[in-house]
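Input: a single structure, listed below in structure tokens.
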Amino acid sequence: MKAIQVGLLGLGTVGTGVVKIVEGHQEDLSNQVGSPISIAQILVKDRTKARGVSIDPAKLTEDAWDIVRNPNIDVIVEVMGGISTTKDYILEALERGKHVVTANKDLMALHGQEILAKAREKGCDVLYEASVAGGIPIIRTLVEGFSSDRITKIMGIVNGTTNYILTKMSQEGAAYAEVLKEAQELGYAEADPTSDVEGLDAARKMTILSSLGFRANVSLEDVSAAGISGVSQLDIRYAKRLGYEVKLLGIAERQDDMISVSVQPTMIKASHPIASVNGVFNAVYVHGEAVGETMFYGAGAGELPTATSIVADLVAVVKNMKLGVNGRQAQLPYNVVKLKTDEQIASKFFLLLHVEDRAGVLAQIAQVFSNCDVSIESVMQPSAPYKSSTEIIIITHQASKAAMNQVMQAFSGLSAVREIKSVYRVEG
Ligand SMILES: NC(=O)C1=CN([C@@H]2O[C@H](COP(=O)(O)OP(=O)(O)OC[C@H]3O[C@@H](n4cnc5c(N)ncnc54)[C@H](OP(=O)(O)O)[C@@H]3O)[C@@H](O)[C@H]2O)C=CC1
Ligand SMILES: N[C@@H](CC=O)C(=O)O
């Protein structure tokens, strides 16, 4: 039985997990696909570096082209990261008839359509389950499990690093910078963690999920993104007091042919199942017209959870090879959708304001909301232990983003409002 030859691009956190699972589960994998799977060559930056697995040094190369151009390699597993050069390797591998499995959301969010078009042309598979939500099989679920339904909402915690940070801030009062360092040490964060904390990693994942879920050509520029670097301990404490948790949520909504996709720190009702998703765990809530509410949960980052998705894709590729049906999964989006305007995007909002401590201020503030057609659900003036009488919290009823922008603008010209400390979308 001829072994399937795999070329592994990258032997970091995820690549090491791939080697462990392919080697540790060899018998089971081979029984499933009908051939042994062999990791024949591995790309690294530095061949002399100590590795977390024992590797025959003869398999290591520092030149990606050695692998991409090797005629004996059947499947390329790309876990090196990067965009431009990595895209060249993948396109060349496809040109040469090799199948590709990747965890690279940056690449798939930016150049997915081009890569999938090449895969179709060449009759090759490009599978990327690990690119979103680590060990949760959410891509397969959206593409296959929901093929019969029309998805109207995808809402999720899709970045493990930021969820780890927010959880530690919320449960242990830990300092942001310290926990970020921990998340890096645990192998959760991106090479440049700015993309985690500023919401770009989640935005890339939401681009992928909304394209697949809505079967539409959503691009990264369509996704508005904000991260967690401005979330304070005070915000988290007030959220808790009001019965909410602060989570970095990706939210994609569709109504007929109009969509909106965003990533932002959000206050979610503590009773919503997503509010109790903690640590490096991710969860994706999907609402379909027919199925109603569903939710998927699991580890969103880390060596073995991510490698599980990679190796599952590898198994799918090899099964397709046996059936001679590679390339059929690379379906291109066919729905033409338009982006909702700020007038059409609605949610509840939380505002923490620093206001002048004098009579009549609340009436002035209420007048601004009323002028902008935003109705107020509740107002709270925190008492001890949050005893500054100059802080007020307002939660609105559903309001459009455009109307809230008008409120903000009006506050910036109102001396009664000294500072807009925080504004959050509210869900649940
Ligand atoms: N970490 C996680 O939990 C998850 C990561 N991902 C994605 O998986 C991919 C890999 O992530 P991760 O394993 O964490 O990254 P690491 O930084 O841990 O590993 C990257 C690996 O690629 C090698 N490499 C990088 N650039 C080059 C290059 N130019 N030439 C040769 N080798 C190179 C490195 O070599 P060397 O070891 O010699 O430095 C290293 O082995 C990324 O796209 C990431 O976004 C997706 C889901 C979860
Ligand atoms: N940095 C990412 C890794 C997985 O995609 C995360 O924290 O979710």
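Ordering of the structure tokens sets the chain letters (A, B, ...); residue numbers start at 1 within each chain; ligands are numbered from 1 in the order shown.
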Q. What do you get as a ChimeraX atom specification if you pick all residues at most 7 Å from ligand 2, counting only C-alpha atoms and all ligand atoms?
A. /A:131-134,158-162,188-190,196,201,300-301
Q | Contact residues around region 412-416 of chain A with only C-alpha atoms at 10 Å, ignoring same-chain residues under 4 positions, as JSON, numbers by chain | A | {"A": [354, 355, 356, 357, 358, 360, 361, 362, 364, 365, 368, 406, 407, 408, 420]}
Per residue of chain A within 6 Å of ligand 1, what are the shortest atom pair and its distance in Å to one decimal, counting only C-alpha atoms and all ligand atoms, with rows by chain and residue number, as CSV?
```
residue,atom,partner,partner_atom_place_in_ligand_line,distance
A:Gly10,CA,ligand 1,22 (O),3.4
A:Leu11,CA,ligand 1,41 (O),3.4
A:Gly12,CA,ligand 1,19 (O),3.2
A:Thr13,CA,ligand 1,13 (O),3.7
A:Val14,CA,ligand 1,13 (O),3.8
A:Gly15,CA,ligand 1,13 (O),5.6
A:Leu43,CA,ligand 1,32 (N),5.2
A:Val44,CA,ligand 1,32 (N),3.6
A:Lys45,CA,ligand 1,38 (O),3.5
A:Asp46,CA,ligand 1,38 (O),3.8
A:Glu62,CA,ligand 1,31 (C),5.4
A:Val79,CA,ligand 1,9 (C),4.1
A:Met80,CA,ligand 1,22 (O),3.4
A:Gly81,CA,ligand 1,43 (O),3.4
A:Ala103,CA,ligand 1,8 (O),4.6
A:Asn104,CA,ligand 1,43 (O),3.8
A:Ala130,CA,ligand 1,47 (C),5.5
A:Ser131,CA,ligand 1,46 (C),5.0
A:Gly134,CA,ligand 1,47 (C),4.9
A:Gly187,CA,ligand 1,1 (N),5.2
A:Tyr188,CA,ligand 1,3 (O),4.4
A:Glu190,CA,ligand 1,45 (O),5.8
A:Ala191,CA,ligand 1,17 (O),5.7
A:Ala301,CA,ligand 1,3 (O),3.4
A:Gly302,CA,ligand 1,3 (O),3.6
A:Glu303,CA,ligand 1,3 (O),5.8
A:Thr306,CA,ligand 1,48 (C),5.3
```
Set out as a Markdown table a contact list for region 292-394 of chain A and region 265-276 of chain A with a cut-off of 12 Å, giving each residue of region 292-394 of chain A that qualifies its closest atom pair and distance in Å to one decimal, counting only C-alpha atoms, ordered by chain and rising residue number.
```
| residue | atom | partner | partner_atom | distance |
| --- | --- | --- | --- | --- |
| A:Glu293 | CA | A:Pro273 | CA | 11.3 |
| A:Thr294 | CA | A:Pro273 | CA | 10.5 |
| A:Met295 | CA | A:Pro273 | CA | 8.4 |
| A:Phe296 | CA | A:Ile274 | CA | 9.8 |
| A:Tyr297 | CA | A:Ile274 | CA | 9.1 |
| A:Gly298 | CA | A:Ile274 | CA | 11.7 |
| A:Ser347 | CA | A:Thr266 | CA | 10.6 |
| A:Lys348 | CA | A:Met267 | CA | 9.6 |
| A:Phe349 | CA | A:Met267 | CA | 8.6 |
| A:Phe350 | CA | A:Met267 | CA | 7.7 |
| A:Leu351 | CA | A:Met267 | CA | 10.8 |
```
Filtering to N, CA and C atoms, could you give me those residues as an mmCIF file, in the first residue's frame?
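Writing done, so here's out_8.cif:
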```cif
data_model
loop_
_atom_site.group_PDB
_atom_site.id
_atom_site.type_symbol
_atom_site.label_atom_id
_atom_site.label_comp_id
_atom_site.auth_asym_id
_atom_site.auth_seq_id
_atom_site.Cartn_x
_atom_site.Cartn_y
_atom_site.Cartn_z
ATOM 1 N N GLU A 293 -31.972 28.040 16.512
ATOM 2 C CA GLU A 293 -30.693 28.322 17.169
ATOM 3 C C GLU A 293 -29.832 27.074 17.328
ATOM 4 N N THR A 294 -28.523 27.208 17.049
ATOM 5 C CA THR A 294 -27.570 26.113 17.320
ATOM 6 C C THR A 294 -26.299 26.756 17.874
ATOM 7 N N MET A 295 -25.478 25.944 18.539
ATOM 8 C CA MET A 295 -24.210 26.492 19.019
ATOM 9 C C MET A 295 -23.118 25.420 19.067
ATOM 10 N N PHE A 296 -21.903 25.814 18.729
ATOM 11 C CA PHE A 296 -20.770 24.891 18.622
ATOM 12 C C PHE A 296 -19.637 25.421 19.504
ATOM 13 N N TYR A 297 -19.010 24.508 20.250
ATOM 14 C CA TYR A 297 -18.103 24.924 21.321
ATOM 15 C C TYR A 297 -16.838 24.071 21.314
ATOM 16 N N GLY A 298 -15.706 24.657 21.596
ATOM 17 C CA GLY A 298 -14.470 23.869 21.719
ATOM 18 C C GLY A 298 -13.258 24.771 21.825
ATOM 19 N N SER A 347 -28.834 47.623 17.298
ATOM 20 C CA SER A 347 -28.587 46.813 18.500
ATOM 21 C C SER A 347 -28.892 47.689 19.710
ATOM 22 N N LYS A 348 -28.820 47.079 20.881
ATOM 23 C CA LYS A 348 -28.867 47.881 22.101
ATOM 24 C C LYS A 348 -27.438 48.377 22.373
ATOM 25 N N PHE A 349 -27.303 49.441 23.139
ATOM 26 C CA PHE A 349 -25.976 49.962 23.460
ATOM 27 C C PHE A 349 -25.842 50.225 24.962
ATOM 28 N N PHE A 350 -24.607 50.067 25.436
ATOM 29 C CA PHE A 350 -24.224 50.417 26.816
ATOM 30 C C PHE A 350 -23.303 51.629 26.718
ATOM 31 N N LEU A 351 -23.550 52.631 27.521
ATOM 32 C CA LEU A 351 -22.656 53.803 27.550
ATOM 33 C C LEU A 351 -22.247 54.086 28.987
#
```
Q. Leaving out Thr152 (chain A) and any residue of its chain fewer than 4 positions from it, which residues lie within 6 Å of it when counting only C-alpha atoms, given as a PyMOL selection string?
A. chain A and resi 253-254+287-288
Q.
I need the residues of region 45-243 of chain A that end up classed as strand (DSSP E or B) by DSSP on the backbone, written out as a VMD selection string.
A. chain A and resid 60 to 61 75 to 78 99 to 102 126 to 127 151 to 157 216 223 to 225
Q.
For Gln344 (chain A), find every residue with an atom within 10 Å (counting only C-alpha atoms), except residues of its own chain fewer than 6 positions away, and show them as number ranges by chain.
A. A: 258-260, 399-402
